[in-house]
Amino acid sequence: MSEHTHSEEKHITSYKAYFIVWVVLMVLTFLTVYVSYFDFGQLNIVVAMVVASIKAGAVALFFMHLKFEDPITWLYALFPIGLLFLLIGMTIVDTFTRIFPL
Amino acid sequence: MEQANMEHAEDHGLHLTPEQEYGISKLGMWLFLGTEIMLFGGLFAAYAIFRAKYPELFLESHQELNREMGAVNTCILIFSSLTMAIGVTAIQRGKQMLAGIMILVTIICGLGFGVVKYFEYGAKFAHHIYPDTNIFFSLYFMMTGLHMLHVFIGLAVLGVIMVLTFKGKFNEKYSTPVEIGGLYWHLVDLVWIYLFPLLYLVG
Amino acid sequence: MANHTIANNVYVPFLEQKGFLSWFLTTDHKRIGILYLISISLFFLIAGILALLMRFELMTPMSDFVSPHTYNVLFTLHGSLMVFFFIVPGLAASFGNFLIPLMIGAPDVAFPKLNLASYWIYLVGTIITLYALLSPADTGWTFYTPYSATTDTDVVMITFGVFVLGFSSILTGMNFIVTIHKMRAPGMTWHRLPLFIWASYATAVLQLLATPVVGITLLMLIAERSLGVGFFDPAKGGDPVLFQNFFWFYSHPAVYIMIIPAMGVISEIIPVFSRKPIFGYKAIAYSSLGIAFISFLVWAHHMFTSGISEVAATIFSFLTFLVAIPTAIKVFNWIATLYKGSIELHSAMLYALGFVFLFTIGGLTGVFLGALAADIHLHDTYFVVAHMHYVMIGGTVMGFFGALHFWYPKWFGKMFNESVAKLSWFLIFVGFNVTFFPQFFLGIQGMPRRYATYPEEFESLMALSTYGSWILGLGVLIMTVNLIKGLYSTEKAPQNPYGSLSLEWQVPSPPPTLNFEEIPTVTDWTYGYGKKKEVDA
């Protein structure tokens, strides 16, 4: 069974790589705070969410070593996010197409 | 649970090699993280709906929150994630002392996060802002409260792992609990990465 | 299929050790399975008695036996106990625990201590819920807002109990997924796995990813009642239907948490007593995953009359029809397995056949309800009650009883009285149909559910339903006595009374503590019965 062998190879990330990721995270944090002082209307939340997702991706890929994980782990890391979008999306469809909005 | 397995292997005859146990524990933790995403997911969904419904209310209310304090806490948590990650690499290279210190720094950061949050909640209560003030603050208190609960659980887990690290229980051959604890701590960071802009920045 | 031997001189059955602590602190998956089995059976019997009381009240149109409030409490307790304490942990936790490691050739689950912790959490949840019975809720098992946010009864306690229970479910699901991924014996490839394992895997995914949503929903409800927040309160800008959205995002998949393991059981019983390889192995295996996936997409079909828009209702109605496809695939394949088989009507097989028959009725009436236009008329009537009991009793409970009779000799190393088992099956089958079939007619005629009183024109059908409940109750009683009596019989069960090829039958009955003397190497799939040996994997 192939998944037995995959996860057992340990990949050790270097300290240097962590520092680079950290610097990127800090820059993005500064950026997102800075941008929030300007009013771009609906664009604000888009920018904030895109930046947050890049940060989250960096944390997951490097700090949490997802980059080096097997397909099963990827599946169970991504599937819940898909479900979450489903929950949010379908509930919004319902809420804003109601016959008698409450 | 990973330790449970080790002990179990001794008294019960479930012969797992450290490599098998490593793979098992890590997959288990990732599954649990999926559960956590769905747990916070209900609140994120509620946030999305109510924000779309009441954009003005969210805009006004979020200005009551202290953006600087939120930013400071974000930096603290991201830094704690860095130290945790370094701790994992250190133990994978067999450097027990460095790993222990890094976990200690992580814990101190976590406590610092709690202290900042304590002052934030205090300031809100002083301004008579409570969970039942309006929908925005209901979400604010529930989301940050649930997150805070996760911080505390993470601190307790890391506390145990730190003690065991200093006692020399882990090394380059066996570092599973440190990595599992680390995964959990990074999740706490991940959730905050979304909470911070949603609550403090764009409202 | 497995080339290994058991040295009899070192064989110690897992039931050997006695004493309270040997059970309370056990990490043996087989013992934990028994703990769950006892717990869920108790709740099944208690909730069943509550149902008998309800049916007794409904014998006459008047509210003469219990008051309407007591009646509300009765159906709330019957529903909550049956759903959250019996049928959701049910087959997955009891037989899942017992069978998964044995079937895949593993000494135990991946996290044995976590497994025990899951049981303890289950116990804590039950204790909290029993405490909540001091002021029992009258909301129905769905805890719908706004009523659940305002009623004077103790909703917080019982929802907290269910919340705690959810953790048990999540951890069990996580444990099983990891076990099935990582603990399979050499040669046990995915396409050689018994179908019960596929079913358990699909169930575990649902437990893992749907349960947290109901967890947070109940937390929000608790905050609503204790902190005065207004997520579900229109007066505070909230939305009561949001609760229904969140609740059903879990509770619809939960319906499949209840039924999929039973489907797995049926897939095990039918080929053994037909002496034929299972027909359409891959179709059945993947349809389990298909049902699990589709179950996440259909939740709002419970809300067609809650004021959701035609757009949303049409989308969800269409998606609901999709569930029928993988379900029908399973039913057709079971029937194809029976076709020209050498059928032996063992009591377990009778339950399996009962399942196929009754579940088909339950499933087809589900399609009626999934159709938007029909549901507007039938929603919240006895038609829904009948449909859901045909799926839950006709499906899950039949599967549960079938599993009990099928694996009883393996689990306990004893035999029950087969003739009495057949008699009790007959009573249960007849009693069930007499109880619930009339309810389809009641529903079509417009009798709404959850009322203690009703117009006199419904009296004859209602009384018939009550008589049926007595036959059903008698059948369950006889079955219970028969199974308990079997434990004290002196007759020892053979290792493999049915000539099954599955791994759990290749070890002694009851299995030794570590399951296998030596981890077996698997060379073929589980269903190579009869002459035609299908090379599948």
# chains A, B, ... in the order shown; residues from 1 in each chain; ligands from 1
>>> residues_around(residues="Asn115 of chain C", least_positions_apart="2", cutoff="9 Å", atoms="only C-alpha atoms", output="list in words")
Thr27, Asp28, His29, Ile32, Asn97, Val109, Ala110, Phe111, Pro112, Lys113, Ala117, Ser118, Tyr119, Trp120, Ser168, Leu171, Thr172 and Asn175 of chain C
>>> write_last_selection(atoms="N, CA, C and O atoms", output="PDB file, in the first residue's frame")
ATOM      1  N   THR C  27      -8.868  -1.136  26.594  1.00  0.00           N
ATOM      2  CA  THR C  27      -8.625  -0.481  25.311  1.00  0.00           C
ATOM      3  C   THR C  27      -8.868  -1.461  24.165  1.00  0.00           C
ATOM      4  O   THR C  27      -8.561  -1.165  23.019  1.00  0.00           O
ATOM      5  N   ASP C  28      -9.410  -2.626  24.505  1.00  0.00           N
ATOM      6  CA  ASP C  28      -9.695  -3.641  23.499  1.00  0.00           C
ATOM      7  C   ASP C  28     -10.944  -3.226  22.706  1.00  0.00           C
ATOM      8  O   ASP C  28     -12.010  -3.033  23.281  1.00  0.00           O
ATOM      9  N   HIS C  29     -10.786  -3.094  21.403  1.00  0.00           N
ATOM     10  CA  HIS C  29     -11.899  -2.607  20.584  1.00  0.00           C
ATOM     11  C   HIS C  29     -13.124  -3.496  20.709  1.00  0.00           C
ATOM     12  O   HIS C  29     -14.258  -3.025  20.610  1.00  0.00           O
ATOM     13  N   ILE C  32     -14.840  -2.523  23.985  1.00  0.00           N
ATOM     14  CA  ILE C  32     -15.461  -1.202  23.847  1.00  0.00           C
ATOM     15  C   ILE C  32     -16.718  -1.330  22.995  1.00  0.00           C
ATOM     16  O   ILE C  32     -17.748  -0.699  23.268  1.00  0.00           O
ATOM     17  N   ASN C  97     -16.742  -0.894  15.928  1.00  0.00           N
ATOM     18  CA  ASN C  97     -15.621  -1.174  16.813  1.00  0.00           C
ATOM     19  C   ASN C  97     -15.230  -2.642  16.792  1.00  0.00           C
ATOM     20  O   ASN C  97     -14.055  -2.991  16.699  1.00  0.00           O
ATOM     21  N   VAL C 109      -7.771  -0.897  16.838  1.00  0.00           N
ATOM     22  CA  VAL C 109      -7.906   0.330  16.069  1.00  0.00           C
ATOM     23  C   VAL C 109      -6.617   1.145  16.176  1.00  0.00           C
ATOM     24  O   VAL C 109      -5.730   0.822  16.967  1.00  0.00           O
ATOM     25  N   ALA C 110      -6.541   2.232  15.402  1.00  0.00           N
ATOM     26  CA  ALA C 110      -5.297   3.008  15.362  1.00  0.00           C
ATOM     27  C   ALA C 110      -5.006   3.690  16.695  1.00  0.00           C
ATOM     28  O   ALA C 110      -3.857   3.773  17.121  1.00  0.00           O
ATOM     29  N   PHE C 111      -6.041   4.191  17.372  1.00  0.00           N
ATOM     30  CA  PHE C 111      -5.842   4.880  18.652  1.00  0.00           C
ATOM     31  C   PHE C 111      -6.698   4.196  19.714  1.00  0.00           C
ATOM     32  O   PHE C 111      -7.813   4.639  20.001  1.00  0.00           O
ATOM     33  N   PRO C 112      -6.181   3.131  20.323  1.00  0.00           N
ATOM     34  CA  PRO C 112      -7.008   2.366  21.269  1.00  0.00           C
ATOM     35  C   PRO C 112      -7.444   3.190  22.477  1.00  0.00           C
ATOM     36  O   PRO C 112      -8.582   3.082  22.932  1.00  0.00           O
ATOM     37  N   LYS C 113      -6.555   4.043  23.012  1.00  0.00           N
ATOM     38  CA  LYS C 113      -6.936   4.798  24.214  1.00  0.00           C
ATOM     39  C   LYS C 113      -7.939   5.893  23.875  1.00  0.00           C
ATOM     40  O   LYS C 113      -8.843   6.179  24.656  1.00  0.00           O
ATOM     41  N   ALA C 117     -11.557   6.703  25.346  1.00  0.00           N
ATOM     42  CA  ALA C 117     -11.958   8.068  25.718  1.00  0.00           C
ATOM     43  C   ALA C 117     -13.260   8.438  25.028  1.00  0.00           C
ATOM     44  O   ALA C 117     -14.125   9.076  25.631  1.00  0.00           O
ATOM     45  N   SER C 118     -13.430   8.013  23.760  1.00  0.00           N
ATOM     46  CA  SER C 118     -14.683   8.301  23.052  1.00  0.00           C
ATOM     47  C   SER C 118     -15.861   7.712  23.801  1.00  0.00           C
ATOM     48  O   SER C 118     -16.918   8.334  23.912  1.00  0.00           O
ATOM     49  N   TYR C 119     -15.672   6.494  24.329  1.00  0.00           N
ATOM     50  CA  TYR C 119     -16.774   5.885  25.063  1.00  0.00           C
ATOM     51  C   TYR C 119     -17.065   6.666  26.334  1.00  0.00           C
ATOM     52  O   TYR C 119     -18.225   6.899  26.680  1.00  0.00           O
ATOM     53  N   TRP C 120     -16.013   7.074  27.031  1.00  0.00           N
ATOM     54  CA  TRP C 120     -16.236   7.863  28.251  1.00  0.00           C
ATOM     55  C   TRP C 120     -16.977   9.153  27.939  1.00  0.00           C
ATOM     56  O   TRP C 120     -17.873   9.564  28.678  1.00  0.00           O
ATOM     57  N   SER C 168     -17.727  12.506  20.929  1.00  0.00           N
ATOM     58  CA  SER C 168     -17.518  11.062  20.895  1.00  0.00           C
ATOM     59  C   SER C 168     -17.621  10.561  19.463  1.00  0.00           C
ATOM     60  O   SER C 168     -16.789   9.786  18.987  1.00  0.00           O
ATOM     61  N   LEU C 171     -14.534  11.728  17.337  1.00  0.00           N
ATOM     62  CA  LEU C 171     -13.291  11.002  17.626  1.00  0.00           C
ATOM     63  C   LEU C 171     -13.378   9.568  17.120  1.00  0.00           C
ATOM     64  O   LEU C 171     -12.386   9.022  16.622  1.00  0.00           O
ATOM     65  N   THR C 172     -14.567   8.954  17.244  1.00  0.00           N
ATOM     66  CA  THR C 172     -14.725   7.604  16.712  1.00  0.00           C
ATOM     67  C   THR C 172     -14.517   7.604  15.205  1.00  0.00           C
ATOM     68  O   THR C 172     -13.809   6.752  14.657  1.00  0.00           O
ATOM     69  N   ASN C 175     -10.873   7.994  14.364  1.00  0.00           N
ATOM     70  CA  ASN C 175     -10.181   6.751  14.683  1.00  0.00           C
ATOM     71  C   ASN C 175     -10.370   5.713  13.573  1.00  0.00           C
ATOM     72  O   ASN C 175      -9.414   5.072  13.131  1.00  0.00           O
TER      73      ASN C 175
END
>>> closest_atom_pairs(of="chain C", to="chain A", cutoff="6 Å", atoms="only C-alpha atoms", output="tab-separated table")
residue	atom	partner	partner_atom	distance
C:Ile308	CA	A:Arg98	CA	5.0
C:Ser309	CA	A:Arg98	CA	4.6
C:Ala312	CA	A:Asp94	CA	5.8
>>> write_last_selection(atoms="N, CA and C atoms", output="short mmCIF file (atom, residue, chain, number, x, y, z; two decimals), in the first residue's frame")
data_model
loop_
_atom_site.label_atom_id
_atom_site.label_comp_id
_atom_site.auth_asym_id
_atom_site.auth_seq_id
_atom_site.Cartn_x
_atom_site.Cartn_y
_atom_site.Cartn_z
N ILE C 308 -38.41 28.93 2.40
CA ILE C 308 -37.29 29.13 1.47
C ILE C 308 -37.86 29.35 0.07
N SER C 309 -37.05 29.96 -0.78
CA SER C 309 -37.56 30.39 -2.08
C SER C 309 -37.77 29.22 -3.03
N ALA C 312 -34.31 28.05 -4.38
CA ALA C 312 -33.57 27.16 -3.48
C ALA C 312 -34.27 25.81 -3.39
#
>>> interface_residues(of="chain A", to="chain B", cutoff="7 Å", atoms="only C-alpha atoms", output="list of chain:residue names")
A:Ser7, A:Glu8, A:Ile12, A:Thr13, A:Tyr15, A:Tyr18, A:Trp22, A:Val33, A:Ser36, A:Asn44, A:Ile45, A:Ala48, A:Ala52, A:Ala56, A:Phe63, A:Met64, A:Thr73, A:Tyr76, A:Ala77, A:Pro80, A:Leu84, A:Leu87, A:Ile88, A:Ile92
>>> atom_distance(atom1="atom CA of Gly33 of chain C", atom2="atom CA of Phe85 of chain C")
14.6 Å
>>> residues_around(residues="Ile107 of chain B", least_positions_apart="4", cutoff="8 Å", atoms="only C-alpha atoms", output="JSON, numbers by chain")
{"B": [80, 103, 111, 155, 158, 159]}
>>> interface_residues(of="chain C", to="chain B", cutoff="7 Å", atoms="only C-alpha atoms", output="ChimeraX atom specification")
/C:107,110-111,113-114,174,178,182,208-209,212-213,215-217,227-231
>>> write_last_selection(atoms="C-alpha atoms", output="PDB file, in the first residue's frame")
ATOM      1  CA  PRO C 107      -4.769  -6.170  16.208  1.00  0.00           C
ATOM      2  CA  ALA C 110      -5.297   3.008  15.362  1.00  0.00           C
ATOM      3  CA  PHE C 111      -5.842   4.880  18.652  1.00  0.00           C
ATOM      4  CA  LYS C 113      -6.936   4.798  24.214  1.00  0.00           C
ATOM      5  CA  LEU C 114      -8.730   7.472  22.267  1.00  0.00           C
ATOM      6  CA  MET C 174     -11.415   9.946  13.065  1.00  0.00           C
ATOM      7  CA  VAL C 178      -7.075   6.308  10.280  1.00  0.00           C
ATOM      8  CA  LYS C 182      -3.151   2.643   7.991  1.00  0.00           C
ATOM      9  CA  LEU C 208     -15.912  13.635  11.221  1.00  0.00           C
ATOM     10  CA  LEU C 209     -17.013  16.539   9.041  1.00  0.00           C
ATOM     11  CA  PRO C 212     -18.875  19.818  14.220  1.00  0.00           C
ATOM     12  CA  VAL C 213     -21.472  21.914  12.390  1.00  0.00           C
ATOM     13  CA  GLY C 215     -21.841  21.240  17.571  1.00  0.00           C
ATOM     14  CA  ILE C 216     -21.408  24.919  16.793  1.00  0.00           C
ATOM     15  CA  THR C 217     -25.131  25.275  16.062  1.00  0.00           C
ATOM     16  CA  LEU C 227     -26.068  35.133  26.892  1.00  0.00           C
ATOM     17  CA  GLY C 228     -29.028  36.675  25.123  1.00  0.00           C
ATOM     18  CA  VAL C 229     -27.422  36.832  21.695  1.00  0.00           C
ATOM     19  CA  GLY C 230     -29.797  36.928  18.735  1.00  0.00           C
ATOM     20  CA  PHE C 231     -28.506  34.791  15.884  1.00  0.00           C
TER      21      PHE C 231
END
>>> select_by_dssp(residues="segment 2-200 of chain B", states="alpha helix (DSSP H)", output="MDAnalysis selection string")
chainID B and resid 2:12 18:53 55:62 67:92 96:126 135:166 176:195
>>> residues_around(residues="Gly96 of chain C", least_positions_apart="5", cutoff="9 Å", atoms="only C-alpha atoms", output="list of chain:residue names")
C:Gly33, C:Gly90, C:Leu91, C:Pro101, C:Phe176, C:Phe196, C:Ile197, C:Ser200, C:Pro261
>>> closest_atom_pairs(of="segment 335-443 of chain C", to="segment 510-530 of chain C", cutoff="8 Å", atoms="only C-alpha atoms", output="tab-separated table")
residue	atom	partner	partner_atom	distance
C:Pro409	CA	C:Pro510	CA	7.5
C:Lys410	CA	C:Pro510	CA	5.3
C:Trp411	CA	C:Pro510	CA	5.3
C:Phe412	CA	C:Pro510	CA	5.4
C:Gly413	CA	C:Pro510	CA	4.7
>>> closest_residue(among="B:Met143, B:Cys109, B:Leu98, B:Leu59", to="Gln42 of chain A", atoms="only C-alpha atoms")
B:Leu59
>>> residues_around(residues="Met148 of chain B", least_positions_apart="3", cutoff="10 Å", atoms="only C-alpha atoms", output="list in words")
Gly110, Phe113, Gly114, Lys117, Phe141, Met142, Met143, Thr144, Gly145, Val151, Phe152, Ile153, Gly154, Val188 and Trp192 of chain B
>>> closest_residue(among="A:Val24, A:Leu43, A:Ala17, A:Leu75", to="Lys55 of chain A", atoms="only C-alpha atoms")
A:Val24
